[in-house]
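**Q** Structure file upload.cif (mmCIF, C-alpha atoms and all ligand atoms) right here:
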```
data_input
loop_
_atom_site.label_atom_id
_atom_site.label_comp_id
_atom_site.auth_asym_id
_atom_site.auth_seq_id
_atom_site.Cartn_x
_atom_site.Cartn_y
_atom_site.Cartn_z
CA MET A 1 11.38 12.30 7.96
CA LEU A 2 10.51 13.29 11.51
CA PHE A 3 6.96 12.84 12.74
CA LEU A 4 6.09 16.43 13.54
CA LYS A 5 2.73 18.16 13.80
CA SER A 6 3.56 19.76 10.48
CA ASN A 7 4.20 16.38 8.90
CA PRO A 8 2.58 16.57 5.44
CA ALA A 9 1.40 12.94 5.71
CA LYS A 10 -0.52 13.91 8.83
CA LYS A 11 -1.94 16.98 7.12
CA LEU A 12 -3.19 14.93 4.16
CA GLY A 13 -4.84 12.40 6.46
CA LEU A 14 -2.51 9.46 5.80
CA ILE A 15 -1.73 8.88 9.46
CA ASP A 16 -5.42 8.90 10.37
CA ASP A 17 -6.04 6.50 7.52
CA GLN A 18 -3.40 4.17 8.95
CA LYS A 19 -5.10 4.33 12.38
CA GLY A 20 -8.35 3.47 10.61
CA ILE A 21 -6.77 0.25 9.31
CA ILE A 22 -6.27 -1.19 12.79
CA LYS A 23 -9.78 -0.20 13.87
CA ARG A 24 -11.28 -1.81 10.79
CA TYR A 25 -9.18 -4.92 11.41
CA GLN A 26 -10.52 -5.20 14.96
CA ARG A 27 -14.10 -5.08 13.61
CA GLU A 28 -13.50 -7.49 10.73
CA LYS A 29 -10.83 -9.79 12.18
CA THR A 30 -12.16 -13.13 10.91
CA ASN A 31 -12.72 -11.86 7.38
CA TRP A 32 -9.42 -10.00 7.23
CA ASP A 33 -7.32 -12.83 8.65
CA LYS A 34 -7.84 -14.91 5.51
CA HIS A 35 -6.52 -12.09 3.32
CA LEU A 36 -3.64 -11.33 5.71
CA ASN A 37 -2.60 -14.98 5.93
CA HIS A 38 -2.63 -15.27 2.11
CA SER A 39 -0.37 -12.21 1.97
CA LYS A 40 2.06 -13.54 4.61
CA GLN A 41 2.20 -16.98 3.03
CA TYR A 42 2.86 -15.50 -0.40
CA ILE A 43 5.88 -13.59 0.90
CA LEU A 44 7.26 -16.70 2.61
CA ASP A 45 6.62 -18.96 -0.41
CA THR A 46 8.23 -16.63 -2.93
CA THR A 47 11.38 -16.14 -0.86
CA TYR A 48 11.71 -19.71 0.47
CA GLN A 49 15.20 -21.18 -0.15
CA LYS A 50 16.13 -18.33 -2.50
CA LYS A 51 19.19 -17.44 -0.40
CA TYR A 52 18.35 -13.73 -0.37
CA LYS A 53 20.19 -11.99 2.45
CA SER A 54 18.02 -8.89 2.77
CA ILE A 55 14.38 -8.03 2.23
CA THR A 56 12.51 -4.72 2.15
CA ILE A 57 8.79 -4.49 2.88
CA LEU A 58 7.08 -1.41 1.43
CA GLY A 59 3.91 -0.40 3.33
CA SER A 60 4.63 -2.42 6.48
CA GLY A 61 2.20 -0.39 8.66
CA TRP A 62 0.79 -2.45 11.53
CA HIS A 63 2.48 -5.69 10.37
CA LEU A 64 -0.93 -7.30 9.97
CA ASP A 65 0.28 -8.91 6.75
CA VAL A 66 4.02 -9.07 7.55
CA PRO A 67 5.38 -12.41 8.89
CA ILE A 68 7.95 -10.41 10.81
CA ALA A 69 9.31 -13.10 13.16
CA GLN A 70 9.88 -15.49 10.27
CA LEU A 71 11.49 -12.82 8.09
CA ALA A 72 13.80 -11.78 10.91
CA ALA A 73 14.82 -15.45 11.27
CA ASP A 74 15.24 -16.08 7.52
CA PHE A 75 17.05 -12.90 6.46
CA GLU A 76 20.22 -11.21 7.67
CA LYS A 77 18.53 -7.83 7.29
CA VAL A 78 14.87 -6.76 7.16
CA TYR A 79 13.95 -3.19 6.19
CA LEU A 80 10.42 -1.96 6.89
CA ILE A 81 9.34 1.15 5.03
CA ASP A 82 6.22 3.20 5.69
CA ILE A 83 5.20 6.82 6.03
CA TYR A 84 4.66 6.08 9.74
CA HIS A 85 5.54 3.17 12.02
CA PRO A 86 3.14 2.89 14.97
CA GLN A 87 4.88 2.82 18.40
CA GLN A 88 3.28 -0.52 19.21
CA VAL A 89 4.83 -2.10 16.13
CA ARG A 90 8.27 -0.71 16.92
CA TYR A 91 7.91 -2.02 20.49
CA ASN A 92 6.92 -5.50 19.29
CA CYS A 93 10.14 -5.66 17.26
CA ARG A 94 12.44 -4.32 19.97
CA ASN A 95 14.31 -7.64 20.27
CA LEU A 96 14.72 -8.19 16.54
CA GLN A 97 18.21 -6.73 16.05
CA ASN A 98 18.24 -7.18 12.27
CA VAL A 99 14.98 -5.27 11.67
CA SER A 100 15.19 -1.58 10.68
CA PHE A 101 12.33 0.88 10.42
CA LEU A 102 12.65 3.51 7.70
CA THR A 103 10.17 6.37 7.51
CA GLN A 104 9.89 7.36 3.87
CA ASP A 105 7.37 8.50 1.29
CA ILE A 106 7.38 5.71 -1.28
CA THR A 107 6.05 8.08 -3.95
CA GLY A 108 9.39 9.92 -3.71
CA GLY A 109 7.97 13.14 -2.30
CA LEU A 110 4.46 13.52 -3.72
CA ILE A 111 2.98 13.77 -0.23
CA GLU A 112 5.02 16.87 0.54
CA CYS A 113 4.36 18.25 -2.93
CA PHE A 114 0.57 17.81 -2.53
CA ALA A 115 0.60 19.37 0.95
CA LYS A 116 2.51 22.38 -0.42
CA LYS A 117 0.23 22.83 -3.41
CA ILE A 118 -2.86 22.63 -1.23
CA LYS A 119 -1.40 25.27 1.10
CA GLU A 120 -0.56 27.53 -1.83
CA LYS A 121 -3.96 26.80 -3.41
CA SER A 122 -2.11 26.17 -6.67
CA PHE A 123 -3.38 22.80 -7.80
CA VAL A 124 -3.27 22.04 -11.53
CA LEU A 125 -3.68 18.30 -11.76
CA ASN A 126 -2.04 17.59 -15.10
CA GLU A 127 1.04 19.60 -14.11
CA VAL A 128 1.89 17.19 -11.28
CA GLN A 129 5.26 15.54 -11.96
CA ILE A 130 5.81 12.12 -10.41
CA PRO A 131 9.19 12.15 -8.60
CA ALA A 132 11.53 9.16 -8.58
CA TYR A 133 11.67 7.19 -5.32
CA SER A 134 15.30 6.27 -4.68
CA GLU A 135 15.83 6.21 -0.90
CA ILE A 136 15.41 2.43 -0.58
CA PRO A 137 18.44 0.66 0.95
CA GLN A 138 20.50 -1.88 -0.96
CA THR A 139 18.33 -5.02 -0.81
CA ASP A 140 17.97 -8.46 -2.42
CA TYR A 141 14.17 -8.66 -2.43
CA VAL A 142 11.37 -6.09 -2.30
CA VAL A 143 7.71 -6.62 -1.43
CA SER A 144 5.08 -4.00 -2.25
CA LEU A 145 2.55 -5.00 0.36
CA ASN A 146 -1.11 -4.06 -0.02
CA LEU A 147 0.13 -0.63 -0.94
CA LEU A 148 -0.32 0.03 -4.65
CA SER A 149 -3.83 1.52 -4.67
CA GLN A 150 -3.08 3.37 -1.41
CA LEU A 151 -0.24 5.35 -2.96
CA ASP A 152 -2.60 7.26 -5.22
CA ILE A 153 -6.09 7.12 -3.70
CA LEU A 154 -5.12 8.74 -0.41
CA LEU A 155 -3.46 11.63 -2.25
CA VAL A 156 -6.31 12.04 -4.71
CA ASP A 157 -8.90 11.99 -1.91
CA SER A 158 -6.95 14.72 -0.12
CA ILE A 159 -7.26 17.12 -3.06
CA LYS A 160 -10.66 16.23 -4.49
CA HIS A 161 -12.56 18.93 -2.65
CA LYS A 162 -9.82 21.48 -3.31
CA CYS A 163 -9.52 21.32 -7.07
CA THR A 164 -11.97 21.16 -9.94
CA ALA A 165 -10.80 18.33 -12.16
CA LEU A 166 -12.69 15.74 -14.17
CA GLU A 167 -12.82 12.15 -12.90
CA ALA A 168 -10.77 11.10 -15.94
CA GLU A 169 -7.98 13.48 -14.90
CA TYR A 170 -7.84 11.91 -11.45
CA VAL A 171 -7.65 8.47 -13.03
CA THR A 172 -4.78 9.64 -15.27
CA LEU A 173 -2.90 10.87 -12.22
CA ARG A 174 -3.60 7.66 -10.30
CA LYS A 175 -2.34 5.60 -13.23
CA LYS A 176 0.86 7.67 -13.40
CA ILE A 177 1.54 7.14 -9.67
CA GLN A 178 0.91 3.39 -9.95
CA LEU A 179 3.07 3.03 -13.05
CA ALA A 180 5.93 4.92 -11.38
CA HIS A 181 5.78 2.51 -8.42
CA LEU A 182 5.71 -0.59 -10.60
CA THR A 183 8.47 0.70 -12.85
CA PHE A 184 10.55 1.27 -9.72
CA LEU A 185 9.89 -2.30 -8.50
CA GLN A 186 11.20 -3.76 -11.72
CA LYS A 187 14.78 -2.84 -10.71
CA PHE A 188 14.59 -5.59 -8.06
CA ASN A 189 13.59 -9.16 -7.41
CA TYR A 190 10.15 -8.42 -6.08
CA SER A 191 6.57 -9.34 -5.32
CA ALA A 192 3.55 -7.09 -5.34
CA ILE A 193 0.37 -7.86 -3.45
CA PHE A 194 -2.44 -5.46 -4.25
CA ASP A 195 -6.19 -5.07 -4.50
CA PHE A 196 -7.27 -4.30 -8.06
CA LYS A 197 -11.08 -4.30 -7.97
CA GLU A 198 -13.65 -3.13 -5.46
CA TYR A 199 -17.05 -4.85 -5.31
CA VAL A 200 -20.03 -3.28 -3.56
CA PHE A 201 -23.06 -5.29 -2.37
CA ASP A 202 -26.19 -4.31 -0.49
CA SER A 203 -26.58 -5.46 3.12
CA ASN A 204 -28.03 -8.80 1.88
CA HIS A 205 -24.97 -9.37 -0.28
CA ASN A 206 -26.76 -8.64 -3.54
CA TYR A 207 -24.23 -7.31 -6.08
CA GLU A 208 -24.56 -3.59 -6.82
CA SER A 209 -21.40 -2.29 -8.50
CA GLU A 210 -17.68 -2.65 -9.04
CA CYS A 211 -14.76 -0.40 -9.94
CA ASP A 212 -11.05 -0.70 -10.64
CA THR A 213 -8.61 0.28 -7.92
CA VAL A 214 -5.57 -0.32 -10.13
CA PHE A 215 -5.16 1.04 -13.65
CA VAL A 216 -2.21 -0.99 -14.87
CA SER A 217 -2.20 -4.65 -15.87
CA PRO A 218 0.54 -7.21 -15.38
CA LYS A 219 2.10 -9.20 -18.21
CA ASP A 220 4.48 -12.16 -18.02
CA VAL A 221 3.46 -12.74 -14.41
CA HIS A 222 5.02 -15.40 -12.21
CA ASN A 223 3.56 -17.16 -9.20
CA GLN A 224 0.22 -15.42 -9.55
CA LYS A 225 -2.31 -15.93 -6.76
CA ASP A 226 -5.75 -14.35 -6.52
CA TRP A 227 -8.19 -14.12 -3.65
CA ILE A 228 -11.09 -12.08 -2.30
CA TRP A 229 -10.63 -9.80 0.70
CA LYS A 230 -13.88 -9.41 2.64
CA PHE A 231 -13.12 -5.84 3.60
CA ASP A 232 -16.26 -4.50 5.29
CA SER A 233 -19.26 -6.64 6.17
CA GLN A 234 -20.81 -4.11 8.55
CA GLY A 235 -21.56 -1.07 6.41
CA TYR A 236 -18.90 1.29 7.78
CA TYR A 237 -16.90 2.00 4.61
CA TYR A 238 -20.00 2.77 2.55
CA GLU A 239 -23.14 3.14 4.63
CA ASN A 240 -25.08 -0.14 4.83
CA LYS A 241 -22.99 -1.74 2.08
CA ILE A 242 -20.79 -4.81 2.05
CA VAL A 243 -17.43 -4.17 0.38
CA GLU A 244 -14.98 -6.74 -0.97
CA PHE A 245 -11.72 -6.40 -2.89
CA ALA A 246 -10.21 -8.72 -5.47
CA VAL A 247 -6.54 -9.10 -4.57
CA LYS A 248 -3.66 -10.29 -6.71
CA ALA A 249 -0.17 -11.38 -5.73
CA VAL A 250 2.50 -11.57 -8.43
CA SER A 251 6.28 -11.74 -8.68
CA ASN A 252 8.88 -10.26 -11.06
CA PHE A 253 6.51 -9.17 -13.81
CA GLU A 254 6.22 -6.32 -16.26
CA PHE A 255 3.36 -3.87 -16.28
CA SER A 256 1.54 -1.90 -18.92
CA PRO A 257 -1.25 0.70 -18.71
CA THR A 258 -4.75 -0.83 -19.08
C1 LIG A 301 -3.31 -0.82 3.38
S1 LIG A 301 -1.89 -0.57 4.34
C2 LIG A 301 -1.07 -2.12 4.11
C3 LIG A 301 -1.27 -2.96 5.32
C4 LIG A 301 -0.08 -2.86 6.27
N1 LIG A 301 0.97 -3.75 5.85
C5 LIG A 301 -0.52 -3.17 7.70
O1 LIG A 301 -0.31 -4.29 8.16
O2 LIG A 301 -1.06 -2.26 8.35
C6 LIG A 301 -0.92 0.52 3.39
C7 LIG A 301 0.28 1.08 4.17
O3 LIG A 301 1.01 1.90 3.25
C8 LIG A 301 1.40 3.09 3.91
N2 LIG A 301 1.55 4.12 2.88
C9 LIG A 301 0.57 4.67 2.11
N3 LIG A 301 1.11 5.58 1.27
C10 LIG A 301 2.44 5.62 1.54
C11 LIG A 301 3.53 6.35 1.01
N4 LIG A 301 3.37 7.25 0.06
N5 LIG A 301 4.75 6.11 1.50
C12 LIG A 301 4.95 5.21 2.50
N6 LIG A 301 3.96 4.47 3.03
C13 LIG A 301 2.72 4.67 2.55
C14 LIG A 301 0.30 3.36 4.92
O4 LIG A 301 0.79 4.16 5.98
C15 LIG A 301 -0.10 1.95 5.35
O5 LIG A 301 0.63 1.55 6.49
#
```
What is this file in structure tokens?
Ligand SMILES: C[S@@+](CC[C@H](N)C(=O)[O-])C[C@H]1O[C@@H](n2cnc3c(N)ncnc32)[C@H](O)[C@@H]1O
**A**
Amino acid sequence: MLFLKSNPAKKLGLIDDQKGIIKRYQREKTNWDKHLNHSKQYILDTTYQKKYKSITILGSGWHLDVPIAQLAADFEKVYLIDIYHPQQVRYNCRNLQNVSFLTQDITGGLIECFAKKIKEKSFVLNEVQIPAYSEIPQTDYVVSLNLLSQLDILLVDSIKHKCTALEAEYVTLRKKIQLAHLTFLQKFNYSAIFDFKEYVFDSNHNYESECDTVFVSPKDVHNQKDWIWKFDSQGYYYENKIVEFAVKAVSNFEFSPT
């Protein structure tokens, strides 16, 4: 997919959201680094001495959580997949001959479908079909990297003010998108690192509320690790609130709806 002005991902705000990630990281560096290092270490630990030749990272973005130099050294081929690869990231990898950037919609085309429906003003939520994502190159190991909740929430946010649906209908759609992604992953040796709960505190860190960000639950998990990601300590994401996410990392597991 070319990055044109008419790019549906740009229209739906996904590129701006990606820019927001680096700005938030710059504000919250110390807090985020713990989460990012856990993510990097998990990828390295789960692939260590497994003799995989190729690896694909889904949601590589700014490489904040991608141990790119180590992966390029350990694997014959590294594929990085995202809806957009920032120029700076491409530049940083210019000497890594075995690293390829692929620009793809990991939902298999939902971004374009949503952009079209919004333009045509023809949004009926429960008619949305989830396409199969099949463009991924032949690969020995796949990592879904801090991506799962992003696949659905960014799309849902882009339509919320344009269609009158109940909250439960949005959740049903989100669950369908997440299940499609996890079902896809099960064709591979894989890991998934994802936030699954959002916690909101007041500015004194008194607990206020929590909500699920993922609507599927793993069974038969391997190598599970859990940690807290201190996402926003300065009240930018929700005004004057502290926001944290519970994050899970798991490998080669099955999923079922919650
Ligand atoms: C929360 S970020 C993960 C952090 C990222 N690894 C980084 O270091 O910036 C999620 C990434 O998934 C990408 N993304 C979201 N939805 C996508 C989709 N449908 N297809 C491809 N990439 C997507 C975003 O562009 C973003 O770079």
**Q** One number please: atom C6 of ligand LIG 301 (chain A) to atom CA of Asp17 of chain A, in Å, one decimal.
**A**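 Interatomic distance, atom C6 of ligand LIG 301 (chain A) to atom CA of Asp17 of chain A: 8.9 Å.
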**Q** Identify, on the basis of only C-alpha atoms, every residue whose closest approach to Gly109 of chain A does not exceed 12 Å; exclude the query and any residue fewer than 5 positions from it along the same chain; express the result as a ChimeraX atom specification.
**A** /A:1,8-9,83,104,114-116,128-135,151,155,177
**Q** Grab me every residue within 8 Å of ligand LIG 301 (chain A), counting all atoms listed in the file, and send it over as a JSON list (two decimals) with C-alpha atoms, keeping the file's coordinate frame.
**A**
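Dumped everything to result.json:
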```json
[["chain", "number", "residue", "atom", "x", "y", "z"],
["A", 14, "LEU", "CA", -2.51, 9.46, 5.80],
["A", 15, "ILE", "CA", -1.73, 8.88, 9.46],
["A", 17, "ASP", "CA", -6.04, 6.50, 7.52],
["A", 18, "GLN", "CA", -3.40, 4.17, 8.95],
["A", 21, "ILE", "CA", -6.77, 0.25, 9.31],
["A", 22, "ILE", "CA", -6.27, -1.19, 12.79],
["A", 58, "LEU", "CA", 7.08, -1.41, 1.43],
["A", 59, "GLY", "CA", 3.91, -0.40, 3.33],
["A", 60, "SER", "CA", 4.63, -2.42, 6.48],
["A", 61, "GLY", "CA", 2.20, -0.39, 8.66],
["A", 62, "TRP", "CA", 0.79, -2.45, 11.53],
["A", 63, "HIS", "CA", 2.48, -5.69, 10.37],
["A", 64, "LEU", "CA", -0.93, -7.30, 9.97],
["A", 65, "ASP", "CA", 0.28, -8.91, 6.75],
["A", 66, "VAL", "CA", 4.02, -9.07, 7.55],
["A", 81, "ILE", "CA", 9.34, 1.15, 5.03],
["A", 82, "ASP", "CA", 6.22, 3.20, 5.69],
["A", 83, "ILE", "CA", 5.20, 6.82, 6.03],
["A", 84, "TYR", "CA", 4.66, 6.08, 9.74],
["A", 85, "HIS", "CA", 5.54, 3.17, 12.02],
["A", 103, "THR", "CA", 10.17, 6.37, 7.51],
["A", 104, "GLN", "CA", 9.89, 7.36, 3.87],
["A", 105, "ASP", "CA", 7.37, 8.50, 1.29],
["A", 106, "ILE", "CA", 7.38, 5.71, -1.28],
["A", 107, "THR", "CA", 6.05, 8.08, -3.95],
["A", 108, "GLY", "CA", 9.39, 9.92, -3.71],
["A", 109, "GLY", "CA", 7.97, 13.14, -2.30],
["A", 110, "LEU", "CA", 4.46, 13.52, -3.72],
["A", 111, "ILE", "CA", 2.98, 13.77, -0.23],
["A", 145, "LEU", "CA", 2.55, -5.00, 0.36],
["A", 146, "ASN", "CA", -1.11, -4.06, -0.02],
["A", 147, "LEU", "CA", 0.13, -0.63, -0.94],
["A", 150, "GLN", "CA", -3.08, 3.37, -1.41],
["A", 151, "LEU", "CA", -0.24, 5.35, -2.96],
["A", 152, "ASP", "CA", -2.60, 7.26, -5.22],
["A", 154, "LEU", "CA", -5.12, 8.74, -0.41]]
```
**Q** Out of A:Gln178, A:Ser191, A:Ser158, A:Gln26, which residue has the shortest atom-to-atom distance to Leu44 of chain A when counting only C-alpha atoms?
**A** A:Ser191
**Q** Quote the spacing between atom CA of Ser209 of chain A and atom CA of Phe253 of chain A in Å to one decimal place.
**A**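 Distance reported for this atom pair: 29.2 Å.
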**Q** As a PyMOL selection string, please: the residues near Val247 of chain A (cut-off 9 Å, all atoms listed in the file, same-chain neighbours under 4 positions excluded).
**A** chain A and resi 35+146+193-197+225-229
**Q** Just to confirm, what's the straight-line distance from atom CA of Val142 of chain A to atom CA of Ile55 of chain A in Å (one decimal)?
**A** 5.8 Å
**Q** Starting from the point (9.8, -5.7, 13.3), work out which residues of protein, DNA or RNA have an atom no more than 6 Å away when counting only C-alpha atoms; state them as a ChimeraX atom specification.
**A** /A:68,93,99
**Q** From the set A:Thr56, A:Val200, A:Glu244, A:Thr183, which residue has the shortest atom-to-atom contact distance to Pro218 of chain A, counting only C-alpha atoms?
**A** A:Thr183
**Q** Would you pick out the contacts of Val243 of chain A at 10 Å or less, using all atoms listed in the file, so that residues sharing its chain but fewer than 2 positions from it are not included, and give the list as an MDAnalysis selection string?
**A** chainID A and resid 198:203 205 207 209:210 229:238 240:241 245
**Q** Go through A:Phe188, A:Glu127, A:Asn92, A:Thr46 one by one, measure the shortest atom-to-atom distance of each to Gln224 of chain A using all atoms listed in the file, and give the residue with the smallest value.
**A** A:Thr46
**Q** I'd like the box whose edges run along x, y and z of the file and which contains every listed atom of segment 118-130 of chain A, padded by 3 Å per side; could you state its centre and edge lengths in Å, one decimal, as AutoDock Vina command-line options?
**A**
```
--center_x 0.9 --center_y 19.8 --center_z -7.0 --size_x 15.8 --size_y 21.4 --size_z 22.2
```
**Q** Give me the residues near Pro67 of chain A as a PyMOL selection string, where near means some atom within 12 Å (using all atoms listed in the file) and where sequence neighbours in that chain fewer than 2 positions away do not count.
**A** chain A and resi 36-45+57+60+62-65+69-75+78+80+93+145
**Q** With distances taken over all atoms listed in the file, which of A:Asn206, A:Ser122, A:Thr213, A:Thr139 is nearest to Lys175 of chain A?
**A**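 Closest to Lys175 of chain A, using all atoms listed in the file: A:Thr213.
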**Q** Tell me which of A:Ile153, A:Val214, A:Leu96, A:Ile159 sits closest to Lys11 of chain A, counting only C-alpha atoms.
**A**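 Of the candidates, the smallest distance to Lys11 of chain A is held by A:Ile159.
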**Q** Near Leu185 of chain A, within 10 Å and counting all atoms listed in the file, which residues show up once chain neighbours fewer than 5 positions away are dropped, as a ChimeraX atom specification?
**A** /A:141-144,179-180,190-192,252-254
**Q** For a cut-off of 10 Å around (-3.3, 20.5, -14.2), file coordinates, pick out all residues using only C-alpha atoms and list them as a list in words.
**A**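 Counting only C-alpha atoms, I find these residues within 10 Å of (-3.3, 20.5, -14.2): Ser122, Phe123, Val124, Leu125, Asn126, Glu127, Val128, Cys163, Thr164, Ala165, Glu169 and Leu173 of chain A.
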